[in-house]
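Enquirer: Please see the structure below; I have some questions.
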Amino acid sequence: MSSMDVTNQTKETLRLMFLENKRFDGRKVFDVRDFEISYNVSDKAEGSARIKMGKTDVVVGIKLSPGAPYPDSLDKGNLIVSADLLPLASPRFEFGPPGFEGIELPRLVDRIIRDSDIIDFSKLVITPKEKVWNLYIDIYPINDDGSLIDAATIAAVAAIYKTFVPELDSEGRVNYDKKSKVKLPINDKVVPVSFSFYKLGEALILNPTREEEEACDTRITLGLSKWNGQYMMNSCQKAGEMVLSNEDVLKISEVLPKKYDEVSEKLKKFF
């Protein structure tokens, strides 16, 4: 977390607004920006989706290729998530080796998806203990106006729902030019979503813009799904030195179920 580019006056103005349940864009502190999903943004991907959440704009592509299973999961396919954070998306991003954000973003999306069990990796085995499908999720932010982790997760889940497994010929080679009709093996009752809460002073907000993010002191990102009517916590990661009080945790716990239902129902409309 870094607020070095935000003046103290801006931070204080935002803090007072948040305490009054107000924000510059007209939302209340726990309102999530509306979003739109579009599909088939890549002809070469096995699945792809683009999300526009406010001014935050992210493309996610999914590729599958045969490979060896991991030694500790010989009976499952592999998941590899990556992110390419380029300066065109934000002045915070620079060319060169990935910084902390470039490492954290794909790890969080990986954890949220993997631990929700939305994908049945046991059905991605080609030859037991020898060959499986590698499933690559590549994240490409086009514009970062805050809540990049949450937007990328939604786009990744949307792409997963529209992904098809390529066909193999008699020699085990993939024909990527032939469009497959075999859908990725998923649990279509699971819809993982992430929620990033930020704290500024004693105020909490959800789904911030980039300006709000840069003013805040601490973030906690929670990955949720729902199974048989029960809310499941799939992941949790905190960033920033400021502690979250018991009151903060209770407030987040109160808000999360309603927000999960709101966002997941909206997302399902695009499947």
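Residues in the structure tokens are named by chain (A, B, ... in the order shown) and by number from 1 within that chain; ligands are numbered from 1 in the order shown.
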Please, which residues in region 153-258 of chain A fall within 10 Å of region 134-138 of chain A when counting only C-alpha atoms, and what is the closest atom pair and distance in Å to one decimal for each, ordered by chain then residue number, as CSV?
Expert:
residue,atom,partner,partner_atom,distance
A:Ala156,CA,A:Ile137,CA,7.2
A:Ala159,CA,A:Ile137,CA,9.0
A:Ile160,CA,A:Ile137,CA,8.9
A:Val165,CA,A:Leu135,CA,9.5
A:Leu184,CA,A:Leu135,CA,9.9
Enquirer: With N, CA and C atoms kept, could you save the residues just selected as a short mmCIF file (atom, residue, chain, number, x, y, z; two decimals), in the first residue's frame?
Expert:
data_model
loop_
_atom_site.label_atom_id
_atom_site.label_comp_id
_atom_site.auth_asym_id
_atom_site.auth_seq_id
_atom_site.Cartn_x
_atom_site.Cartn_y
_atom_site.Cartn_z
N ALA A 156 -12.00 -13.55 -14.83
CA ALA A 156 -11.48 -14.92 -14.91
C ALA A 156 -12.59 -15.94 -14.76
N ALA A 159 -14.66 -16.03 -17.90
CA ALA A 159 -13.96 -16.74 -18.96
C ALA A 159 -13.99 -18.25 -18.74
N ILE A 160 -13.86 -18.67 -17.48
CA ILE A 160 -13.90 -20.10 -17.14
C ILE A 160 -15.23 -20.72 -17.59
N VAL A 165 -12.39 -27.25 -23.95
CA VAL A 165 -11.15 -28.04 -23.96
C VAL A 165 -10.85 -28.47 -25.39
N LEU A 184 -15.13 -26.90 -20.55
CA LEU A 184 -14.25 -27.11 -19.40
C LEU A 184 -15.07 -27.72 -18.27
#
Enquirer: Using DSSP assignments from the backbone, pull out every residue in region 52-245 of chain A that falls under helix (DSSP H, G or I) and give it to me as a VMD selection string.
Expert: chain A and resid 100 to 116 121 to 124 148 to 161 210 to 215
Enquirer: Please dump the current selection as a short mmCIF file (atom, residue, chain, number, x, y, z; two decimals), in the first residue's frame; keep C-alpha atoms.
Expert:
data_model
loop_
_atom_site.label_atom_id
_atom_site.label_comp_id
_atom_site.auth_asym_id
_atom_site.auth_seq_id
_atom_site.Cartn_x
_atom_site.Cartn_y
_atom_site.Cartn_z
CA PHE A 100 4.86 -6.80 -6.04
CA GLU A 101 1.49 -6.05 -7.64
CA GLY A 102 2.39 -8.12 -10.68
CA ILE A 103 3.09 -11.09 -8.41
CA GLU A 104 0.26 -10.58 -5.92
CA LEU A 105 -2.56 -10.20 -8.47
CA PRO A 106 -2.20 -13.62 -10.19
CA ARG A 107 -1.52 -15.36 -6.88
CA LEU A 108 -4.75 -14.05 -5.37
CA VAL A 109 -6.80 -14.91 -8.45
CA ASP A 110 -5.19 -18.38 -8.46
CA ARG A 111 -6.03 -18.96 -4.80
CA ILE A 112 -9.63 -17.77 -5.12
CA ILE A 113 -10.31 -20.00 -8.15
CA ARG A 114 -8.34 -23.04 -6.98
CA ASP A 115 -9.79 -23.18 -3.46
CA SER A 116 -13.37 -22.62 -4.59
CA PHE A 121 -9.07 -30.73 -12.23
CA SER A 122 -9.45 -34.51 -11.92
CA LYS A 123 -11.25 -34.43 -15.28
CA LEU A 124 -8.31 -32.67 -16.95
CA LEU A 148 -8.07 -4.56 -10.05
CA ILE A 149 -7.99 -7.83 -8.08
CA ASP A 150 -11.77 -7.98 -7.81
CA ALA A 151 -12.32 -7.06 -11.47
CA ALA A 152 -9.73 -9.61 -12.65
CA THR A 153 -11.36 -12.36 -10.56
CA ILE A 154 -14.79 -11.65 -12.04
CA ALA A 155 -13.37 -11.67 -15.58
CA ALA A 156 -11.48 -14.92 -14.91
CA VAL A 157 -14.61 -16.64 -13.61
CA ALA A 158 -16.62 -15.39 -16.58
CA ALA A 159 -13.96 -16.74 -18.96
CA ILE A 160 -13.90 -20.10 -17.14
CA TYR A 161 -17.63 -20.52 -17.74
CA ARG A 210 -7.57 4.22 -7.84
CA GLU A 211 -7.56 7.62 -6.13
CA GLU A 212 -9.34 6.10 -3.12
CA GLU A 213 -6.96 3.13 -3.08
CA GLU A 214 -3.90 5.37 -3.02
CA ALA A 215 -5.28 7.37 -0.11
#
Enquirer: Residues within 7 Å of region 42-57 of chain A, please, as a ChimeraX atom specification. Count only C-alpha atoms; anything in the same chain fewer than 2 positions from it doesn't count.
Expert: /A:33-40,59-64,141-146,151,155,158-160,162-165
Enquirer: Using C-alpha atoms, can you export the residues from the last selection as an mmCIF file, in the first residue's frame?
Expert:
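Result file follows (result-v2.cif):
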data_model
loop_
_atom_site.group_PDB
_atom_site.id
_atom_site.type_symbol
_atom_site.label_atom_id
_atom_site.label_comp_id
_atom_site.auth_asym_id
_atom_site.auth_seq_id
_atom_site.Cartn_x
_atom_site.Cartn_y
_atom_site.Cartn_z
ATOM 1 C CA ARG A 33 -19.467 -0.337 -9.161
ATOM 2 C CA ASP A 34 -21.673 -1.758 -11.876
ATOM 3 C CA PHE A 35 -19.873 -3.904 -14.452
ATOM 4 C CA GLU A 36 -20.326 -5.323 -17.931
ATOM 5 C CA ILE A 37 -18.855 -8.554 -19.349
ATOM 6 C CA SER A 38 -18.115 -9.280 -23.002
ATOM 7 C CA TYR A 39 -16.860 -12.562 -24.463
ATOM 8 C CA ASN A 40 -14.722 -13.898 -27.311
ATOM 9 C CA VAL A 59 -9.124 -8.757 -20.372
ATOM 10 C CA VAL A 60 -8.632 -12.395 -19.332
ATOM 11 C CA GLY A 61 -7.666 -15.174 -21.730
ATOM 12 C CA ILE A 62 -7.583 -18.917 -21.037
ATOM 13 C CA LYS A 63 -5.368 -21.404 -22.894
ATOM 14 C CA LEU A 64 -5.006 -25.154 -22.478
ATOM 15 C CA PRO A 141 -5.368 -4.944 -17.413
ATOM 16 C CA ILE A 142 -6.118 -2.273 -20.000
ATOM 17 C CA ASN A 143 -6.967 0.448 -17.495
ATOM 18 C CA ASP A 144 -6.573 0.324 -13.721
ATOM 19 C CA ASP A 145 -8.963 2.648 -11.941
ATOM 20 C CA GLY A 146 -8.989 0.648 -8.733
ATOM 21 C CA ALA A 151 -12.318 -7.060 -11.469
ATOM 22 C CA ALA A 155 -13.367 -11.667 -15.578
ATOM 23 C CA ALA A 158 -16.618 -15.395 -16.579
ATOM 24 C CA ALA A 159 -13.955 -16.744 -18.964
ATOM 25 C CA ILE A 160 -13.904 -20.102 -17.144
ATOM 26 C CA LYS A 162 -17.098 -20.039 -21.492
ATOM 27 C CA THR A 163 -13.944 -22.157 -21.938
ATOM 28 C CA PHE A 164 -13.759 -25.257 -24.148
ATOM 29 C CA VAL A 165 -11.155 -28.044 -23.964
#
Enquirer: Please return, as an mmCIF file with N, CA and C atoms, in the first residue's frame, all residues of region 26-266 of chain A that DSSP assigns to strand (DSSP E) on the basis of the backbone.
Expert:
data_model
loop_
_atom_site.group_PDB
_atom_site.id
_atom_site.type_symbol
_atom_site.label_atom_id
_atom_site.label_comp_id
_atom_site.auth_asym_id
_atom_site.auth_seq_id
_atom_site.Cartn_x
_atom_site.Cartn_y
_atom_site.Cartn_z
ATOM 1 N N PHE A 35 -20.850 -3.391 -13.494
ATOM 2 C CA PHE A 35 -19.873 -3.904 -14.452
ATOM 3 C C PHE A 35 -20.581 -4.567 -15.622
ATOM 4 N N GLU A 36 -19.858 -4.650 -16.733
ATOM 5 C CA GLU A 36 -20.326 -5.323 -17.931
ATOM 6 C C GLU A 36 -19.276 -6.346 -18.367
ATOM 7 N N ILE A 37 -19.742 -7.487 -18.868
ATOM 8 C CA ILE A 37 -18.855 -8.554 -19.349
ATOM 9 C C ILE A 37 -19.092 -8.767 -20.833
ATOM 10 N N SER A 38 -18.014 -8.880 -21.599
ATOM 11 C CA SER A 38 -18.115 -9.280 -23.002
ATOM 12 C C SER A 38 -17.213 -10.485 -23.224
ATOM 13 N N TYR A 39 -17.572 -11.305 -24.227
ATOM 14 C CA TYR A 39 -16.860 -12.562 -24.463
ATOM 15 C C TYR A 39 -16.183 -12.583 -25.834
ATOM 16 N N GLY A 47 -10.945 -19.654 -24.123
ATOM 17 C CA GLY A 47 -11.995 -18.896 -23.442
ATOM 18 C C GLY A 47 -11.454 -17.510 -23.136
ATOM 19 N N SER A 48 -12.271 -16.493 -23.248
ATOM 20 C CA SER A 48 -11.804 -15.141 -22.946
ATOM 21 C C SER A 48 -12.972 -14.263 -22.547
ATOM 22 N N ALA A 49 -12.679 -13.256 -21.727
ATOM 23 C CA ALA A 49 -13.710 -12.337 -21.267
ATOM 24 C C ALA A 49 -13.075 -10.988 -20.960
ATOM 25 N N ARG A 50 -13.887 -9.970 -21.075
ATOM 26 C CA ARG A 50 -13.446 -8.611 -20.759
ATOM 27 C C ARG A 50 -14.451 -7.987 -19.814
ATOM 28 N N ILE A 51 -13.943 -7.376 -18.762
ATOM 29 C CA ILE A 51 -14.814 -6.698 -17.809
ATOM 30 C C ILE A 51 -14.534 -5.203 -17.841
ATOM 31 N N LYS A 52 -15.603 -4.437 -17.798
ATOM 32 C CA LYS A 52 -15.507 -2.993 -17.606
ATOM 33 C C LYS A 52 -16.273 -2.673 -16.333
ATOM 34 N N MET A 53 -15.520 -2.297 -15.302
ATOM 35 C CA MET A 53 -16.099 -1.956 -14.001
ATOM 36 C C MET A 53 -15.740 -0.504 -13.722
ATOM 37 N N THR A 56 -12.215 0.823 -14.700
ATOM 38 C CA THR A 56 -11.298 -0.318 -14.675
ATOM 39 C C THR A 56 -11.690 -1.293 -15.779
ATOM 40 N N ASP A 57 -10.694 -1.689 -16.567
ATOM 41 C CA ASP A 57 -10.936 -2.473 -17.784
ATOM 42 C C ASP A 57 -9.897 -3.596 -17.831
ATOM 43 N N VAL A 58 -10.356 -4.852 -17.841
ATOM 44 C CA VAL A 58 -9.447 -6.000 -17.772
ATOM 45 C C VAL A 58 -9.879 -7.073 -18.774
ATOM 46 N N VAL A 59 -8.898 -7.620 -19.481
ATOM 47 C CA VAL A 59 -9.124 -8.757 -20.372
ATOM 48 C C VAL A 59 -8.468 -9.996 -19.762
ATOM 49 N N VAL A 60 -9.173 -11.112 -19.809
ATOM 50 C CA VAL A 60 -8.632 -12.395 -19.332
ATOM 51 C C VAL A 60 -8.758 -13.423 -20.452
ATOM 52 N N GLY A 61 -7.663 -14.102 -20.735
ATOM 53 C CA GLY A 61 -7.666 -15.174 -21.730
ATOM 54 C C GLY A 61 -7.285 -16.493 -21.085
ATOM 55 N N ILE A 62 -7.876 -17.580 -21.568
ATOM 56 C CA ILE A 62 -7.583 -18.917 -21.037
ATOM 57 C C ILE A 62 -7.092 -19.813 -22.174
ATOM 58 N N LYS A 63 -5.940 -20.449 -21.952
ATOM 59 C CA LYS A 63 -5.368 -21.404 -22.894
ATOM 60 C C LYS A 63 -5.176 -22.751 -22.212
ATOM 61 N N LEU A 64 -5.287 -23.816 -22.981
ATOM 62 C CA LEU A 64 -5.006 -25.154 -22.478
ATOM 63 C C LEU A 64 -3.989 -25.828 -23.371
ATOM 64 N N SER A 65 -3.033 -26.521 -22.760
ATOM 65 C CA SER A 65 -2.044 -27.292 -23.513
ATOM 66 C C SER A 65 -1.667 -28.525 -22.711
ATOM 67 N N PRO A 66 -1.309 -29.627 -23.389
ATOM 68 C CA PRO A 66 -0.912 -30.847 -22.678
ATOM 69 C C PRO A 66 0.431 -30.660 -21.977
ATOM 70 N N GLY A 67 0.573 -31.306 -20.824
ATOM 71 C CA GLY A 67 1.828 -31.252 -20.091
ATOM 72 C C GLY A 67 1.871 -32.332 -19.031
ATOM 73 N N ASN A 78 -3.263 -29.011 -14.238
ATOM 74 C CA ASN A 78 -2.504 -27.932 -13.598
ATOM 75 C C ASN A 78 -3.138 -26.575 -13.881
ATOM 76 N N LEU A 79 -3.048 -25.678 -12.915
ATOM 77 C CA LEU A 79 -3.528 -24.300 -13.064
ATOM 78 C C LEU A 79 -2.342 -23.356 -12.965
ATOM 79 N N ILE A 80 -2.205 -22.471 -13.959
ATOM 80 C CA ILE A 80 -1.137 -21.463 -13.963
ATOM 81 C C ILE A 80 -1.774 -20.110 -14.262
ATOM 82 N N VAL A 81 -1.654 -19.172 -13.331
ATOM 83 C CA VAL A 81 -2.239 -17.839 -13.509
ATOM 84 C C VAL A 81 -1.109 -16.818 -13.614
ATOM 85 N N SER A 82 -1.208 -15.925 -14.591
ATOM 86 C CA SER A 82 -0.203 -14.887 -14.765
ATOM 87 C C SER A 82 -0.895 -13.559 -15.046
ATOM 88 N N ALA A 83 -0.162 -12.469 -14.836
ATOM 89 C CA ALA A 83 -0.688 -11.130 -15.109
ATOM 90 C C ALA A 83 0.401 -10.287 -15.743
ATOM 91 N N VAL A 125 -7.269 -34.867 -16.775
ATOM 92 C CA VAL A 125 -6.210 -35.861 -16.974
ATOM 93 C C VAL A 125 -6.362 -36.469 -18.358
ATOM 94 N N ILE A 126 -5.276 -36.492 -19.122
ATOM 95 C CA ILE A 126 -5.282 -37.089 -20.463
ATOM 96 C C ILE A 126 -4.810 -38.540 -20.378
ATOM 97 N N THR A 127 -3.637 -38.750 -19.797
ATOM 98 C CA THR A 127 -3.100 -40.079 -19.515
ATOM 99 C C THR A 127 -2.730 -40.126 -18.038
ATOM 100 N N LYS A 131 0.157 -37.463 -18.468
ATOM 101 C CA LYS A 131 -0.167 -36.267 -19.241
ATOM 102 C C LYS A 131 -1.502 -35.685 -18.785
ATOM 103 N N VAL A 132 -1.504 -34.377 -18.577
ATOM 104 C CA VAL A 132 -2.716 -33.676 -18.151
ATOM 105 C C VAL A 132 -2.811 -32.364 -18.933
ATOM 106 N N TRP A 133 -3.918 -31.688 -18.770
ATOM 107 C CA TRP A 133 -4.058 -30.368 -19.351
ATOM 108 C C TRP A 133 -3.486 -29.309 -18.426
ATOM 109 N N ASN A 134 -2.637 -28.453 -18.955
ATOM 110 C CA ASN A 134 -2.232 -27.219 -18.264
ATOM 111 C C ASN A 134 -3.261 -26.148 -18.614
ATOM 112 N N LEU A 135 -3.857 -25.551 -17.605
ATOM 113 C CA LEU A 135 -4.837 -24.492 -17.832
ATOM 114 C C LEU A 135 -4.206 -23.163 -17.443
ATOM 115 N N TYR A 136 -3.995 -22.301 -18.424
ATOM 116 C CA TYR A 136 -3.346 -21.016 -18.213
ATOM 117 C C TYR A 136 -4.400 -19.903 -18.197
ATOM 118 N N ILE A 137 -4.398 -19.121 -17.141
ATOM 119 C CA ILE A 137 -5.256 -17.944 -17.063
ATOM 120 C C ILE A 137 -4.348 -16.720 -17.117
ATOM 121 N N ASP A 138 -4.477 -15.941 -18.179
ATOM 122 C CA ASP A 138 -3.631 -14.762 -18.373
ATOM 123 C C ASP A 138 -4.472 -13.498 -18.208
ATOM 124 N N ILE A 139 -3.999 -12.604 -17.344
ATOM 125 C CA ILE A 139 -4.733 -11.389 -17.003
ATOM 126 C C ILE A 139 -4.036 -10.182 -17.622
ATOM 127 N N TYR A 140 -4.788 -9.378 -18.360
ATOM 128 C CA TYR A 140 -4.238 -8.206 -19.040
ATOM 129 C C TYR A 140 -5.073 -6.960 -18.691
ATOM 130 N N PRO A 141 -4.661 -6.197 -17.688
ATOM 131 C CA PRO A 141 -5.368 -4.944 -17.413
ATOM 132 C C PRO A 141 -5.138 -3.933 -18.539
ATOM 133 N N ILE A 142 -6.203 -3.328 -19.001
ATOM 134 C CA ILE A 142 -6.118 -2.273 -20.000
ATOM 135 C C ILE A 142 -6.142 -0.905 -19.327
ATOM 136 N N ASN A 143 -6.939 -0.787 -18.273
ATOM 137 C CA ASN A 143 -6.967 0.448 -17.495
ATOM 138 C C ASN A 143 -7.250 0.099 -16.042
ATOM 139 N N VAL A 193 -16.052 -15.093 -6.046
ATOM 140 C CA VAL A 193 -15.939 -13.644 -6.223
ATOM 141 C C VAL A 193 -15.001 -13.111 -5.134
ATOM 142 N N SER A 194 -14.210 -12.102 -5.462
ATOM 143 C CA SER A 194 -13.350 -11.492 -4.451
ATOM 144 C C SER A 194 -13.855 -10.095 -4.107
ATOM 145 N N PHE A 195 -13.605 -9.708 -2.861
ATOM 146 C CA PHE A 195 -14.024 -8.397 -2.361
ATOM 147 C C PHE A 195 -12.850 -7.765 -1.614
ATOM 148 N N SER A 196 -12.456 -6.579 -2.057
ATOM 149 C CA SER A 196 -11.342 -5.874 -1.420
ATOM 150 C C SER A 196 -11.867 -4.685 -0.628
ATOM 151 N N PHE A 197 -11.701 -4.758 0.684
ATOM 152 C CA PHE A 197 -12.067 -3.668 1.584
ATOM 153 C C PHE A 197 -10.809 -2.869 1.898
ATOM 154 N N TYR A 198 -10.940 -1.563 1.907
ATOM 155 C CA TYR A 198 -9.829 -0.674 2.221
ATOM 156 C C TYR A 198 -10.180 0.166 3.452
ATOM 157 N N LYS A 199 -9.142 0.517 4.212
ATOM 158 C CA LYS A 199 -9.346 1.319 5.420
ATOM 159 C C LYS A 199 -8.535 2.599 5.349
ATOM 160 N N LEU A 200 -9.200 3.710 5.658
ATOM 161 C CA LEU A 200 -8.554 5.018 5.744
ATOM 162 C C LEU A 200 -8.933 5.609 7.089
ATOM 163 N N ALA A 203 -12.285 4.651 8.785
ATOM 164 C CA ALA A 203 -13.332 4.418 7.797
ATOM 165 C C ALA A 203 -13.001 3.238 6.896
ATOM 166 N N LEU A 204 -14.005 2.425 6.559
ATOM 167 C CA LEU A 204 -13.880 1.292 5.651
ATOM 168 C C LEU A 204 -14.644 1.576 4.370
ATOM 169 N N ILE A 205 -14.087 1.156 3.233
ATOM 170 C CA ILE A 205 -14.793 1.248 1.962
ATOM 171 C C ILE A 205 -14.585 -0.039 1.177
ATOM 172 N N LEU A 206 -15.452 -0.261 0.196
ATOM 173 C CA LEU A 206 -15.374 -1.443 -0.668
ATOM 174 C C LEU A 206 -15.302 -0.981 -2.114
ATOM 175 N N THR A 218 -4.721 0.452 4.396
ATOM 176 C CA THR A 218 -4.737 -1.003 4.536
ATOM 177 C C THR A 218 -5.801 -1.599 3.630
ATOM 178 N N ARG A 219 -5.510 -2.809 3.127
ATOM 179 C CA ARG A 219 -6.476 -3.542 2.314
ATOM 180 C C ARG A 219 -6.593 -4.965 2.810
ATOM 181 N N ILE A 220 -7.812 -5.500 2.771
ATOM 182 C CA ILE A 220 -7.995 -6.928 2.982
ATOM 183 C C ILE A 220 -8.863 -7.448 1.847
ATOM 184 N N THR A 221 -8.387 -8.511 1.175
ATOM 185 C CA THR A 221 -9.107 -9.104 0.049
ATOM 186 C C THR A 221 -9.588 -10.486 0.458
ATOM 187 N N LEU A 222 -10.890 -10.700 0.293
ATOM 188 C CA LEU A 222 -11.521 -11.948 0.699
ATOM 189 C C LEU A 222 -12.154 -12.613 -0.512
ATOM 190 N N GLY A 223 -11.871 -13.904 -0.694
ATOM 191 C CA GLY A 223 -12.471 -14.676 -1.778
ATOM 192 C C GLY A 223 -13.622 -15.507 -1.241
ATOM 193 N N LEU A 224 -14.811 -15.331 -1.820
ATOM 194 C CA LEU A 224 -16.009 -16.019 -1.346
ATOM 195 C C LEU A 224 -16.647 -16.857 -2.444
ATOM 196 N N SER A 225 -17.317 -17.919 -2.027
ATOM 197 C CA SER A 225 -18.200 -18.675 -2.904
ATOM 198 C C SER A 225 -19.350 -19.178 -2.025
ATOM 199 N N LYS A 226 -20.263 -19.888 -2.646
ATOM 200 C CA LYS A 226 -21.433 -20.370 -1.912
ATOM 201 C C LYS A 226 -21.714 -21.803 -2.332
ATOM 202 N N TRP A 227 -21.936 -22.671 -1.351
ATOM 203 C CA TRP A 227 -22.181 -24.076 -1.646
ATOM 204 C C TRP A 227 -23.290 -24.589 -0.737
ATOM 205 N N GLN A 230 -24.473 -22.271 1.856
ATOM 206 C CA GLN A 230 -23.497 -21.815 2.846
ATOM 207 C C GLN A 230 -22.421 -20.964 2.169
ATOM 208 N N TYR A 231 -22.091 -19.834 2.794
ATOM 209 C CA TYR A 231 -21.018 -18.985 2.281
ATOM 210 C C TYR A 231 -19.669 -19.584 2.670
ATOM 211 N N MET A 232 -18.785 -19.701 1.695
ATOM 212 C CA MET A 232 -17.480 -20.311 1.917
ATOM 213 C C MET A 232 -16.382 -19.269 1.726
ATOM 214 N N MET A 233 -15.490 -19.167 2.706
ATOM 215 C CA MET A 233 -14.342 -18.282 2.589
ATOM 216 C C MET A 233 -13.199 -19.064 1.946
ATOM 217 N N ASN A 234 -12.850 -18.723 0.701
ATOM 218 C CA ASN A 234 -11.834 -19.462 -0.032
ATOM 219 C C ASN A 234 -10.437 -18.874 0.116
ATOM 220 N N SER A 235 -10.343 -17.585 0.412
ATOM 221 C CA SER A 235 -9.023 -16.966 0.523
ATOM 222 C C SER A 235 -9.130 -15.670 1.315
ATOM 223 N N CYS A 236 -7.989 -15.263 1.856
ATOM 224 C CA CYS A 236 -7.923 -14.013 2.619
ATOM 225 C C CYS A 236 -6.489 -13.504 2.584
ATOM 226 N N GLN A 237 -6.324 -12.255 2.188
ATOM 227 C CA GLN A 237 -4.991 -11.651 2.175
ATOM 228 C C GLN A 237 -5.076 -10.195 2.591
ATOM 229 N N LYS A 238 -4.197 -9.798 3.484
ATOM 230 C CA LYS A 238 -4.155 -8.416 3.953
ATOM 231 C C LYS A 238 -2.884 -7.745 3.460
ATOM 232 N N ALA A 239 -2.988 -6.463 3.136
ATOM 233 C CA ALA A 239 -1.832 -5.652 2.741
ATOM 234 C C ALA A 239 -1.892 -4.338 3.510
#
